[in-house]
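Visitor: Below is a structure I'd like to ask you about.
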Amino acid sequence: MTAHSSVRAFQPTPVSTEVIERCVGAAQMASTSSWIQAYSLLQVHDAAERETLAELCGGQAQVHTAGAFFVVLADSRRHLLLAESAGCDHVQNLEGFLVSVVDASLFAQSLALAFESEGLGICFIGGLRNQLADVDRLLELPRGAWPLFGLCVGTPEEQPEGRPRLPLSAVLHHDRYASDGEVSAATEAFDGVASAHYAERGIEGRNWSGGMARRFMAPLREELAAYYTSKGARLC
Ligand SMILES: Cc1cc2nc3c(=O)[nH]c(=O)nc-3n(C[C@H](O)[C@H](O)[C@H](O)COP(=O)(O)O)c2cc1C
């Protein structure tokens with residue numbers, strides 16, 4: 001786990017069905033809220049579709065160059081169908097949406113670790129949410145199958161050095177959440193580490209907190225609520 005770093009350059013070797021099925025089977029053993037298993041994985045095989053997806057994800061070449069590309073779905077579709085055939089109402093609300101997002105994310109991270117343990121490289125693709133309605137149209141997703149992010153997997157063509165993480169003290173709290181002063185001190189300490197990391201890559205004068213402050217200056221992907229709602233999610 002500590003050897004992880006995201007890979008964005010892949011050899012053109014496909015990932016075998018055997019490896020994919022072994023890793024997906026292992027990842028399915030991730031804990032799941034009340035055994036709900038509210039996730040699915042959609043592998044996109046078609047080269048032309050993957051090229052279109054790469055563009056929809058913001059021109060991320062790895063979406064079509066990786067050995068395999070998957071879309072991670074928060075999935076209440078099967079629960080919707082089983083309720084229908086049992087003649088029950090299927091009532092969605094924010095709790096149901098969150099449960100499926102948490103389930104799908106736990107599954108996805110377990111899946112990433114399983115692939116990495118096979119010697120493969122991975123990169124999650126949040127860029128999938130850039131133009132989600134177009135992704136939805138391309139993949140003809142049914143109501144209740146909610147795309148969250150993509151996952152590129154393949155034989156690495158690069159071995160990027162790991163990105164440092166916040167100090168443990170910033171993340172691990174004891175009994176009560178840390179004071180604002182402690183939170184800020186940990187962030188400042190990390191800025192030194194992050195600046196050095198950037199400088200090693202030839203980027204001078206950049207730190208972590210500046211980047212994060214800029215990132216949240218304006219709302220991101222504001223059309224998501226409308227999209228997920230249109231596909232049967234209730235976000236309240
Ligand atoms: C949900 C999620 C979405 C991500 N989306 C992208 C993406 O669209 N493109 C990309 O190159 N990396 C993406 N990443 C990778 C992160 O940028 C990366 O994990 C982070 O910068 C830390 O670097 P590391 O994974 O190499 O340690 C994503 C990661 C996560 C967890």
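Here, A, B, ... name the chains of the structure tokens in the order displayed, residue numbers run from 1 inside each chain, and ligands are numbered from 1 in the same displayed order.
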Where in chain A does DSSP assign strand (DSSP E or B), given as a PyMOL selection string?

Guide: chain A and resi 10+39-43+68-75+121-125+145-154+156+174+176

Visitor: Residues up to 6 Å from ligand 1, counting only C-alpha atoms and all ligand atoms: could you list those as a VMD selection string?

Guide: chain A and resid 5 to 6 123 to 127 162 to 163

Visitor: So which one's closest to Glu21 of chain A, A:Phe97, A:Tyr177, A:Phe107, A:Phe115? Using only C-alpha atoms, please.

Guide: A:Phe115

Visitor: Contacts of Glu204 of chain A at 12 Å or less, counting only C-alpha atoms, minus same-chain residues fewer than 6 places along, as a list of chain:residue names?

Guide: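 Result of the neighbour search: A:Gly192, A:Ala194, A:Ser195, A:Ala196, A:His197, A:Tyr198.
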
Visitor: Give me, as JSON lines, each residue of segment 116-177 of chain A that comes within 7 Å of segment 68-82 of chain A, together with its shortest interatomic pair and the distance in Å at one decimal, counting only C-alpha atoms, with rows ordered by chain and rising residue number.

Guide:
{"residue": "A:Arg143", "atom": "CA", "partner": "A:Arg77", "partner_atom": "CA", "distance": 6.7}
{"residue": "A:Gly144", "atom": "CA", "partner": "A:Arg77", "partner_atom": "CA", "distance": 4.4}
{"residue": "A:Ala145", "atom": "CA", "partner": "A:Asp75", "partner_atom": "CA", "distance": 4.6}
{"residue": "A:Trp146", "atom": "CA", "partner": "A:Ala74", "partner_atom": "CA", "distance": 5.0}
{"residue": "A:Pro147", "atom": "CA", "partner": "A:Leu73", "partner_atom": "CA", "distance": 4.3}
{"residue": "A:Leu148", "atom": "CA", "partner": "A:Leu73", "partner_atom": "CA", "distance": 5.6}
{"residue": "A:Phe149", "atom": "CA", "partner": "A:Val72", "partner_atom": "CA", "distance": 5.6}
{"residue": "A:Gly150", "atom": "CA", "partner": "A:Val71", "partner_atom": "CA", "distance": 4.4}
{"residue": "A:Leu151", "atom": "CA", "partner": "A:Phe70", "partner_atom": "CA", "distance": 5.1}
{"residue": "A:Cys152", "atom": "CA", "partner": "A:Phe69", "partner_atom": "CA", "distance": 4.7}
{"residue": "A:Val153", "atom": "CA", "partner": "A:Ala68", "partner_atom": "CA", "distance": 5.2}
{"residue": "A:Gly154", "atom": "CA", "partner": "A:Ala68", "partner_atom": "CA", "distance": 6.2}

Visitor: Between A:Gln43, A:Arg129, A:Pro142, A:Val99, which residue has the minimum interatomic distance to Lys231 of chain A, considering only C-alpha atoms?

Guide: A:Pro142

Visitor: Using the chain letters and numbers from this document, which residues of segment 116-183 of chain A does DSSP assign to alpha helix (DSSP H), as a PyMOL selection string?

Guide: chain A and resi 116-117+132-139+168-171+180-183

Visitor: So that I can see what lies close to segment 164-176 of chain A, please list as a list in words the residues with an atom at most 7 Å from it, counting only C-alpha atoms and leaving out residues fewer than 3 positions away in the same chain.

Guide: Val183, Ala186 and Phe190 of chain A

Visitor: Restricting it to N, CA and C atoms, dump the selection as a short mmCIF file (atom, residue, chain, number, x, y, z; two decimals), in the first residue's frame.

Guide:
data_model
loop_
_atom_site.label_atom_id
_atom_site.label_comp_id
_atom_site.auth_asym_id
_atom_site.auth_seq_id
_atom_site.Cartn_x
_atom_site.Cartn_y
_atom_site.Cartn_z
N VAL A 183 -4.44 22.04 13.41
CA VAL A 183 -4.73 21.71 12.01
C VAL A 183 -3.87 22.57 11.09
N ALA A 186 -0.13 21.61 11.14
CA ALA A 186 0.15 20.39 10.36
C ALA A 186 0.14 20.72 8.87
N PHE A 190 3.24 20.47 6.21
CA PHE A 190 3.13 19.71 4.96
C PHE A 190 3.47 20.58 3.75
#

Visitor: With only C-alpha atoms as the atoms that count, which of A:Ser40, A:Tyr228, A:Ile20, A:Asp191 lies nearest to Gly211 of chain A?

Guide: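 Between A:Ser40, A:Tyr228, A:Ile20, A:Asp191, the residue approaching Gly211 of chain A most closely is A:Asp191.
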
Visitor: As number ranges by chain, please: the residues near segment 13-19 of chain A (cut-off 12 Å, only C-alpha atoms, same-chain neighbours under 3 positions excluded).

Guide: A: 9-10, 22-26, 43, 45, 47, 64-70, 111, 114-122, 152-157

Visitor: By how many Å are atom CA of Arg8 of chain A and atom CA of Ala112 of chain A apart?

Guide: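 These two atoms are separated by 14.0 Å.
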
Visitor: Using only C-alpha atoms, which protein or nucleic acid residues come within 6 Å of Arg234 of chain A? Drop anything in the same chain fewer than 3 positions from it, and give the result as a list in words.

Guide: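 What passes the distance filter is Gln92, Asn93, Leu94 and Thr229 of chain A.
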
Visitor: Could you write out that same residue set with N, CA and C atoms as a PDB file, in the first residue's frame?

Guide:
ATOM      1  N   GLN A  92     -35.764   6.105  -2.756  1.00  0.00           N
ATOM      2  CA  GLN A  92     -34.383   6.577  -2.725  1.00  0.00           C
ATOM      3  C   GLN A  92     -34.309   7.865  -1.921  1.00  0.00           C
ATOM      4  N   ASN A  93     -33.237   8.054  -1.167  1.00  0.00           N
ATOM      5  CA  ASN A  93     -32.955   9.367  -0.584  1.00  0.00           C
ATOM      6  C   ASN A  93     -31.443   9.516  -0.458  1.00  0.00           C
ATOM      7  N   LEU A  94     -30.994  10.609   0.166  1.00  0.00           N
ATOM      8  CA  LEU A  94     -29.553  10.868   0.238  1.00  0.00           C
ATOM      9  C   LEU A  94     -28.820   9.711   0.906  1.00  0.00           C
ATOM     10  N   THR A 229     -29.906  13.213 -10.172  1.00  0.00           N
ATOM     11  CA  THR A 229     -31.344  13.232  -9.905  1.00  0.00           C
ATOM     12  C   THR A 229     -32.117  12.705 -11.108  1.00  0.00           C
TER      13      THR A 229
END

Visitor: Nearest to Cys236 of chain A among A:Ile203, A:Leu98, A:Val135, A:Ala54, with distances taken over only C-alpha atoms: which residue is it?

Guide: A:Leu98

Visitor: Tell me which protein, DNA and RNA residues are within 12 Å of Glu222 of chain A, counting only C-alpha atoms, leaving out same-chain ones fewer than 4 positions away, and put them as a ChimeraX atom specification.

Guide: /A:129-132,218,226-228

Visitor: Between atom CA of Leu224 of chain A and atom CA of Leu56 of chain A, what is the spacing in Å?

Guide: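 Computing the Euclidean distance for atom CA of Leu56 of chain A and atom CA of Leu224 of chain A yields 14.8 Å.
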
Visitor: Quick one: distance from atom CA of Val44 of chain A to atom CA of His4 of chain A in Å, one decimal?

Guide: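 Interatomic distance here is 24.2 Å.
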
Visitor: Check the smallest atom-to-atom distance from each of A:Ser34, A:Ser85, A:Ser184, A:Gln28 to Gln109 of chain A using only C-alpha atoms, then report the winner.

Guide: A:Gln28
